[in-house]
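Chemist: If it helps, the file is called run-v1.csv and holds CSV, C-alpha atoms:
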```
chain,number,residue,atom,x,y,z
B,967,MET,CA,129.7,118.7,98.6
B,968,HIS,CA,129.9,115.2,97.1
B,969,PRO,CA,132.9,115.0,94.7
B,970,THR,CA,130.7,113.8,91.9
B,971,MET,CA,128.5,116.8,92.2
B,972,ALA,CA,131.6,119.1,92.4
B,973,SER,CA,132.8,117.8,89.1
B,974,SER,CA,129.4,117.9,87.4
B,975,GLY,CA,129.8,121.3,85.8
B,976,PHE,CA,127.8,123.1,88.5
B,977,THR,CA,128.2,126.8,88.7
B,978,ASN,CA,128.1,128.8,91.9
B,979,THR,CA,124.5,129.5,91.1
B,980,HIS,CA,123.7,125.8,91.0
B,981,ARG,CA,125.6,125.2,94.2
B,982,LEU,CA,124.0,128.0,96.2
B,983,PHE,CA,120.5,127.2,94.9
B,984,LEU,CA,121.0,123.6,96.0
B,985,GLN,CA,122.3,124.5,99.4
B,986,ALA,CA,119.3,126.8,100.0
B,987,SER,CA,116.9,124.1,98.8
B,988,ILE,CA,118.2,121.4,101.1
B,989,SER,CA,116.9,123.2,104.2
B,990,ARG,CA,113.5,123.8,102.5
B,991,ARG,CA,113.0,120.4,100.8
B,992,LEU,CA,109.5,121.4,99.6
B,993,MET,CA,108.6,124.8,98.0
B,994,VAL,CA,105.8,126.3,96.0
B,995,GLU,CA,107.2,126.7,92.5
B,996,ALA,CA,106.8,130.5,92.7
B,997,THR,CA,109.0,130.5,95.8
B,998,ALA,CA,111.6,128.4,94.1
B,999,ILE,CA,111.7,130.8,91.2
B,1000,ASP,CA,112.1,133.7,93.6
B,1001,LEU,CA,114.9,131.8,95.3
B,1002,TYR,CA,116.6,131.3,91.9
B,1003,SER,CA,116.3,135.1,91.3
B,1004,GLN,CA,118.0,135.9,94.7
B,1005,VAL,CA,120.7,133.4,94.0
B,1006,CYS,CA,121.4,134.9,90.6
B,1007,THR,CA,121.7,138.3,92.2
B,1008,ALA,CA,124.1,136.9,94.9
B,1009,THR,CA,126.3,135.3,92.2
B,1010,ASN,CA,126.1,138.1,89.7
B,1011,ASP,CA,124.5,135.6,87.2
B,1012,ARG,CA,121.8,136.7,84.8
B,1013,PHE,CA,118.3,135.8,85.9
B,1014,ASP,CA,115.9,134.6,83.2
B,1015,ARG,CA,112.6,133.2,84.5
B,1016,ASP,CA,112.1,131.3,81.2
B,1017,GLN,CA,115.4,129.5,81.8
B,1018,PHE,CA,114.3,128.1,85.2
B,1019,PRO,CA,113.2,124.7,83.8
B,1020,ASP,CA,116.6,124.3,82.0
B,1021,PHE,CA,118.4,125.3,85.2
B,1022,ILE,CA,116.5,122.6,87.2
B,1023,ALA,CA,117.2,120.0,84.4
B,1024,GLN,CA,120.9,120.8,84.7
B,1025,LEU,CA,120.8,120.4,88.5
B,1026,ASN,CA,119.0,117.0,88.1
B,1027,GLU,CA,121.6,115.8,85.7
B,1028,GLY,CA,124.3,116.5,88.2
B,1029,LEU,CA,122.4,115.1,91.1
B,1030,ASN,CA,121.5,111.9,89.5
B,1031,SER,CA,124.7,110.1,90.6
B,1032,VAL,CA,123.9,110.9,94.3
B,1033,GLU,CA,120.2,109.8,94.1
B,1034,LEU,CA,118.8,113.2,94.4
B,1035,GLU,CA,116.3,115.0,92.1
B,1036,PHE,CA,114.1,118.0,92.0
B,1037,ARG,CA,110.5,116.8,91.3
B,1038,ARG,CA,107.5,119.0,90.3
B,1039,ALA,CA,103.8,118.3,90.9
B,1040,GLN,CA,100.6,120.2,91.7
B,1041,ASP,CA,99.3,120.5,95.3
B,1042,GLU,CA,96.5,118.0,95.7
B,1043,VAL,CA,94.1,120.6,97.2
B,1044,SER,CA,95.1,124.0,95.7
B,1045,GLY,CA,96.6,122.8,92.4
B,1046,ALA,CA,99.5,125.2,92.9
B,1047,PRO,CA,102.8,123.9,91.4
B,1048,VAL,CA,105.2,122.7,94.0
B,1049,MET,CA,108.8,121.4,93.9
B,1050,ALA,CA,110.6,119.1,96.2
B,1051,LEU,CA,114.2,118.0,96.5
B,1052,THR,CA,113.8,114.2,96.7
B,1053,ASN,CA,115.8,111.1,97.2
B,1054,THR,CA,115.3,108.8,94.3
B,1055,ASN,CA,116.2,105.6,96.1
B,1056,GLY,CA,113.0,103.6,95.7
B,1057,GLN,CA,114.1,100.5,97.6
B,1058,LYS,CA,113.8,102.1,101.1
B,1059,ILE,CA,112.6,105.2,102.8
B,1060,ALA,CA,116.1,106.5,102.3
B,1061,GLN,CA,115.7,110.1,103.2
B,1062,VAL,CA,113.5,109.5,106.2
B,1063,ALA,CA,116.0,107.0,107.5
B,1064,THR,CA,118.8,109.6,107.7
B,1065,GLU,CA,116.7,111.9,109.8
B,1066,TYR,CA,115.4,109.7,112.5
B,1067,SER,CA,116.4,106.9,115.0
B,1068,PRO,CA,115.3,103.3,114.2
B,1069,THR,CA,112.5,103.6,116.7
B,1070,GLU,CA,111.3,106.9,115.3
B,1071,LEU,CA,111.5,105.5,111.7
B,1072,GLU,CA,109.5,102.5,112.7
B,1073,TYR,CA,106.8,104.8,114.1
B,1074,PHE,CA,106.9,106.8,110.8
B,1075,LYS,CA,106.3,103.5,108.9
B,1076,HIS,CA,103.4,102.5,111.1
B,1077,LEU,CA,101.7,105.9,110.6
B,1078,LEU,CA,102.4,105.7,106.8
B,1079,ASP,CA,100.8,102.3,106.7
B,1080,ALA,CA,97.8,103.4,108.7
B,1081,ILE,CA,97.3,106.4,106.4
B,1082,VAL,CA,97.7,104.5,103.1
B,1083,MET,CA,95.5,101.6,104.2
B,1084,ALA,CA,92.8,103.7,105.9
B,1085,ASP,CA,89.3,102.3,105.2
B,1086,ASP,CA,87.1,103.9,102.5
B,1087,GLU,CA,90.1,105.7,101.0
B,1088,ALA,CA,90.2,108.2,103.9
B,1089,TYR,CA,94.0,108.4,103.6
B,1090,CYS,CA,94.4,109.9,107.1
B,1091,ILE,CA,94.6,108.9,110.7
B,1092,SER,CA,93.2,110.6,113.8
B,1093,SER,CA,95.4,112.0,116.5
B,1094,THR,CA,94.1,109.4,118.9
B,1095,ALA,CA,94.8,106.5,116.5
B,1096,ALA,CA,98.2,108.0,115.7
B,1097,LEU,CA,99.2,107.9,119.4
B,1098,HIS,CA,97.8,104.4,119.7
B,1099,GLU,CA,100.2,103.3,116.9
B,1100,ALA,CA,103.1,104.3,119.1
B,1101,GLY,CA,102.3,101.4,121.4
B,1102,GLN,CA,102.3,98.8,118.5
B,1103,LEU,CA,106.0,99.2,117.5
B,1104,LYS,CA,108.3,96.2,117.0
B,1105,ASN,CA,111.7,95.8,115.6
B,1106,LYS,CA,112.9,93.2,113.0
B,1107,GLU,CA,113.3,90.6,115.8
B,1108,ASN,CA,109.6,91.2,116.8
B,1109,LYS,CA,110.6,92.8,120.1
B,1110,SER,CA,108.5,95.7,121.3
B,1111,LEU,CA,109.8,99.2,120.9
B,1112,SER,CA,108.9,101.9,123.4
B,1113,LEU,CA,107.6,105.4,122.8
B,1114,THR,CA,105.9,107.3,125.6
B,1115,LYS,CA,102.8,109.4,124.7
B,1116,ARG,CA,104.8,112.6,125.2
B,1117,GLU,CA,107.6,111.3,122.9
B,1118,ALA,CA,105.0,110.3,120.3
B,1119,GLU,CA,103.3,113.7,120.4
B,1120,ALA,CA,106.6,115.4,120.0
B,1121,LEU,CA,107.5,113.1,117.1
B,1122,LEU,CA,104.2,113.8,115.4
B,1123,ASP,CA,104.9,117.5,115.6
B,1124,ARG,CA,108.4,116.8,114.1
B,1125,PHE,CA,106.9,114.8,111.2
B,1126,VAL,CA,104.7,117.8,110.4
B,1127,ALA,CA,107.5,120.3,110.8
B,1128,ASP,CA,109.7,118.2,108.5
B,1129,LYS,CA,106.8,118.3,105.9
B,1130,TRP,CA,106.2,114.5,105.8
B,1131,PHE,CA,102.7,114.8,107.2
B,1132,ILE,CA,99.9,117.4,107.2
B,1133,ARG,CA,97.8,118.0,110.3
B,1134,SER,CA,94.3,119.2,109.6
B,1135,ALA,CA,92.2,121.6,111.7
B,1136,ALA,CA,90.4,118.5,113.0
B,1137,GLY,CA,93.6,116.9,114.1
B,1138,ALA,CA,93.9,114.2,111.4
B,1139,TYR,CA,97.3,113.4,109.8
B,1140,SER,CA,97.6,112.8,106.1
B,1141,LEU,CA,100.4,112.6,103.5
B,1142,SER,CA,102.1,115.8,102.5
B,1143,MET,CA,103.3,116.6,99.0
B,1144,ARG,CA,106.8,115.9,100.2
B,1145,SER,CA,105.8,112.3,101.0
B,1146,LEU,CA,103.9,111.9,97.8
B,1147,LEU,CA,106.9,113.2,95.7
B,1148,GLU,CA,109.8,111.6,97.6
B,1149,LEU,CA,108.2,108.3,98.5
B,1150,GLN,CA,106.2,107.7,95.3
B,1151,THR,CA,108.3,104.7,94.2
B,1152,TYR,CA,108.3,103.2,97.7
B,1153,LEU,CA,104.5,103.7,98.0
B,1154,LYS,CA,103.8,102.1,94.6
B,1155,GLU,CA,106.2,99.2,95.2
B,1156,THR,CA,105.0,98.5,98.7
B,1157,TYR,CA,101.3,99.0,98.3
B,1158,GLY,CA,100.6,98.2,94.7
B,1159,ASP,CA,97.0,98.8,93.6
B,1160,GLN,CA,96.1,100.1,97.0
B,1161,ILE,CA,97.7,103.4,95.8
B,1162,GLN,CA,95.2,105.2,93.6
B,1163,GLU,CA,96.2,107.5,90.7
B,1164,CYS,CA,94.3,110.4,89.3
B,1165,THR,CA,92.5,109.3,86.1
B,1166,LEU,CA,93.5,112.5,84.3
B,1167,CYS,CA,97.1,113.4,85.5
B,1168,MET,CA,98.1,109.9,86.5
B,1169,GLU,CA,99.8,111.1,89.7
B,1170,ILE,CA,99.1,109.6,93.1
B,1171,ILE,CA,95.9,110.8,94.7
B,1172,THR,CA,95.0,110.9,98.4
B,1173,LYS,CA,92.7,114.0,98.3
B,1174,GLY,CA,90.1,114.6,95.7
B,1175,GLN,CA,86.9,113.2,94.2
B,1176,ARG,CA,85.8,109.8,93.1
B,1177,CYS,CA,83.0,108.4,90.9
B,1178,GLN,CA,79.9,107.6,92.8
B,1179,VAL,CA,79.6,104.3,91.0
B,1180,ALA,CA,81.4,101.8,93.3
B,1181,ALA,CA,82.7,99.7,90.5
B,1182,CYS,CA,84.3,102.6,88.6
B,1183,SER,CA,88.0,103.3,89.1
B,1184,CYS,CA,87.8,107.0,88.3
B,1185,ARG,CA,89.6,109.3,90.8
B,1186,LEU,CA,90.3,113.0,90.3
B,1187,HIS,CA,92.3,115.6,92.1
B,1188,TYR,CA,90.2,118.7,93.0
B,1189,HIS,CA,92.2,120.8,90.5
B,1190,CYS,CA,92.0,118.2,87.8
B,1191,ALA,CA,88.2,117.9,88.3
B,1192,GLY,CA,87.8,121.6,88.3
B,1193,ALA,CA,89.6,122.0,84.9
B,1194,TYR,CA,87.9,119.0,83.3
B,1195,PHE,CA,84.3,119.9,84.3
B,1196,LYS,CA,84.7,123.6,83.9
B,1197,ASN,CA,82.6,123.9,80.8
B,1198,MET,CA,80.2,121.1,81.5
B,1199,ASN,CA,76.6,121.9,82.6
B,1200,ASN,CA,76.0,118.3,83.5
B,1201,PRO,CA,79.3,116.7,84.5
B,1202,VAL,CA,79.8,113.0,83.7
B,1203,CYS,CA,82.5,110.7,84.8
B,1204,PRO,CA,85.4,110.6,82.3
B,1205,THR,CA,85.6,106.8,82.7
B,1206,CYS,CA,82.1,105.4,83.0
B,1207,HIS,CA,80.1,108.5,81.8
B,1208,SER,CA,77.7,108.3,84.8
B,1209,ALA,CA,76.6,111.6,86.4
B,1210,TRP,CA,79.4,113.2,88.5
B,1211,SER,CA,78.2,114.5,91.9
B,1212,ALA,CA,81.6,115.8,93.3
B,1213,LYS,CA,80.3,114.7,96.8
B,1214,VAL,CA,82.0,111.4,97.0
B,1215,LEU,CA,85.5,112.2,98.2
B,1216,ILE,CA,89.0,110.7,98.7
B,1217,GLY,CA,90.5,111.8,102.0
B,1218,LEU,CA,88.6,114.0,104.5
B,1219,SER,CA,88.0,117.7,104.4
B,1220,ASP,CA,90.2,119.9,106.7
B,1221,ARG,CA,87.6,120.1,109.4
B,1222,THR,CA,86.2,116.6,109.3
B,1223,SER,CA,87.5,114.4,112.2
B,1224,ALA,CA,89.0,111.0,111.3
B,1225,PRO,CA,87.4,108.0,113.1
B,1226,SER,CA,89.1,107.3,116.4
B,1227,LYS,CA,88.6,103.6,115.6
B,1228,VAL,CA,90.6,103.0,112.5
B,1229,ARG,CA,89.9,100.1,110.2
B,1230,ARG,CA,92.6,99.3,107.7
B,1231,ARG,CA,91.7,98.1,104.2
B,1232,GLY,CA,92.7,94.5,103.6
B,1233,ARG,CA,95.8,93.7,101.5
B,1234,ARG,CA,94.9,91.5,98.6
B,1235,ARG,CA,96.9,88.3,98.6
B,1236,ASP,CA,97.2,84.9,96.9
B,1237,ASP,CA,97.6,82.1,99.5
B,1238,ASP,CA,96.2,78.8,100.5
B,1239,ASP,CA,94.1,80.2,103.3
B,1240,GLY,CA,92.1,82.9,101.5
B,1241,GLY,CA,92.9,82.5,97.8
B,1242,GLU,CA,93.1,85.3,95.4
B,1243,GLY,CA,91.5,88.5,96.5
B,1244,ALA,CA,91.3,87.5,100.2
B,1245,GLU,CA,91.7,90.4,102.5
B,1246,ASP,CA,93.1,90.9,106.0
B,1247,ASP,CA,91.3,93.4,108.2
B,1248,VAL,CA,93.0,95.1,111.1
B,1249,LYS,CA,91.2,97.2,113.6
B,1250,VAL,CA,93.0,99.8,115.6
B,1251,GLU,CA,91.0,100.6,118.7
B,1252,GLY,CA,91.2,104.1,120.2
B,1253,GLY,CA,89.4,106.5,122.4
B,1254,GLU,CA,87.2,109.5,121.4
B,1255,GLU,CA,88.7,111.8,118.7
B,1256,ASP,CA,90.0,115.0,120.1
B,1257,ASP,CA,88.8,118.4,118.8
B,1258,GLY,CA,92.1,119.1,117.0
B,1259,GLN,CA,93.5,121.2,119.8
B,1260,GLU,CA,96.8,120.4,121.3
```
Please render this file's structure as structure tokens.
Modeler:
Amino acid sequence: MHPTMASSGFTNTHRLFLQASISRRLMVEATAIDLYSQVCTATNDRFDRDQFPDFIAQLNEGLNSVELEFRRAQDEVSGAPVMALTNTNGQKIAQVATEYSPTELEYFKHLLDAIVMADDEAYCISSTAALHEAGQLKNKENKSLSLTKREAEALLDRFVADKWFIRSAAGAYSLSMRSLLELQTYLKETYGDQIQECTLCMEIITKGQRCQVAACSCRLHYHCAGAYFKNMNNPVCPTCHSAWSAKVLIGLSDRTSAPSKVRRRGRRRDDDDGGEGAEDDVKVEGGEEDDGQE
């Protein structure tokens, strides 16, 4: 254990809970509370469910010096509270970098970019396009990096197993709650206004509903929309007050295939060539989308 953490006033309960959480990284809050109960039993400490938030706050105070933090959010689709042990270093993909080789990390960043910049706020990438990205890798010296198809497929499975990406039934990869919690600072600093936030909870949104008025900025998580419109017979947008259809989505449903030909949204820039608001479009060519089966 880091010496700073050892001297932070942590009890055996704090240390054991932290050790158990490191291997899990992301948990439904109910699972985290159950883990806390088990740890209290193992350390002969008194378990009090109501004290769990204070327990986590104490952990975070001690973890601050080593750039770790337990963060809480609601799952984008189910709305269930989740917790993740995250690295708070926002200047780089710090935690990812410790788990993968430079080539593997470059592949992760390519996939992350393709997902975040997917056209029409799809926030996902097809299996075909993801494998195509493996052939586009270059290092800082602009030299090509090599990943075979088999290596790329294995690495995609690993990204999913490590809870960085979610793979849908249709074979599309999207950001997991671990990515949204741990990489939130990186995503906001790297992509700016390309990262959408839910109008109600102000958290990053990559799956949910959006206003059918193209000029309206309103975006809502499914669970936020459900709570907000619960008692409305004729739902209206909380921003522009137009009728809310709930049919215009952010992200794709679990069984909807992502396009095999990915078109990235352009990054807005100020330069002499395009001026303010000019955009760069990048097309990623690929074959037909698979059926989601390995």
Chemist: Near segment 1064-1071 of chain B, counting all atoms listed in the file, which residues have an atom at most 8 Å away, once you skip same-chain residues fewer than 5 positions from it, shown as a list in words?
Modeler: Leu1103, Asn1105, Leu1111, Ser1112 and Leu1121 of chain B
Chemist: With distances taken over only C-alpha atoms, which of B:Ala1127, B:Leu1097, B:Ala1008, B:Ala1046 is nearest to Ser989 of chain B?
Modeler: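 Of B:Ala1127, B:Leu1097, B:Ala1008, B:Ala1046, the one nearest Ser989 of chain B is B:Ala1127, counting only C-alpha atoms.
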Chemist: Would you list the contacts of Val1202 of chain B as an MDAnalysis selection string, taking every protein, DNA or RNA residue within 12 Å and counting all atoms listed in the file, but skipping same-chain residues closer than 5 positions in sequence?
Modeler: chainID B and resid 1176:1179 1184 1191 1194:1197 1207:1212
Chemist: Show me as a list of chain:residue names the residues that reach within 7 Å of (109.6, 121.1, 100.2), counting all atoms listed in the file and using the file's own coordinates.
Modeler: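 The residues that fall inside the cut-off are B:Arg990, B:Arg991, B:Leu992, B:Met993, B:Met1049, B:Ala1050, B:Leu1051, B:Lys1129, B:Arg1144.
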Chemist: For the residues selected in the previous step, produce a file with C-alpha atoms as an mmCIF file, in the coordinates of the input.
Modeler:
```
data_model
loop_
_atom_site.group_PDB
_atom_site.id
_atom_site.type_symbol
_atom_site.label_atom_id
_atom_site.label_comp_id
_atom_site.auth_asym_id
_atom_site.auth_seq_id
_atom_site.Cartn_x
_atom_site.Cartn_y
_atom_site.Cartn_z
ATOM 1 C CA ARG B 990 113.500 123.800 102.500
ATOM 2 C CA ARG B 991 113.000 120.400 100.800
ATOM 3 C CA LEU B 992 109.500 121.400 99.600
ATOM 4 C CA MET B 993 108.600 124.800 98.000
ATOM 5 C CA MET B 1049 108.800 121.400 93.900
ATOM 6 C CA ALA B 1050 110.600 119.100 96.200
ATOM 7 C CA LEU B 1051 114.200 118.000 96.500
ATOM 8 C CA LYS B 1129 106.800 118.300 105.900
ATOM 9 C CA ARG B 1144 106.800 115.900 100.200
#
```
Chemist: Can you pull out every residue within 7 Å of Thr979 of chain B, counting only C-alpha atoms, but drop anything in the same chain fewer than 5 positions away, and send it as a PyMOL selection string?
Modeler: chain B and resi 1005-1006+1009
Chemist: With distances taken over all atoms listed in the file, which residue among B:Leu1113, B:Val994, B:Val1126, B:Ala1138 lies nearest Ser1219 of chain B?
Modeler: B:Ala1138
Chemist: Using all atoms listed in the file, pick whichever of B:Ser1142, B:Glu995, B:Asp1020, B:Leu1077 has the shortest atom-to-atom distance to Arg1038 of chain B.
Modeler: B:Glu995
Chemist: Which residue is closest to Cys1203 of chain B? Choose from B:Arg1230, B:Thr1165, B:Tyr1188, B:Asp1011 and count only C-alpha atoms.
Modeler: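 Among B:Arg1230, B:Thr1165, B:Tyr1188, B:Asp1011, it is B:Thr1165 that comes nearest to Cys1203 of chain B.
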Chemist: So which one's closest to Thr1052 of chain B, B:Gln1150, B:Thr1156, B:Cys1182, B:His1076? Using all atoms listed in the file, please.
Modeler: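 Result for the nearest residue to Thr1052 of chain B: B:Gln1150.
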Chemist: Rounded to one decimal in Å, what is the spacing between atom CA of Ser1223 of chain B and atom CA of Ala1080 of chain B?
Modeler: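 A separation of 15.5 Å between them.
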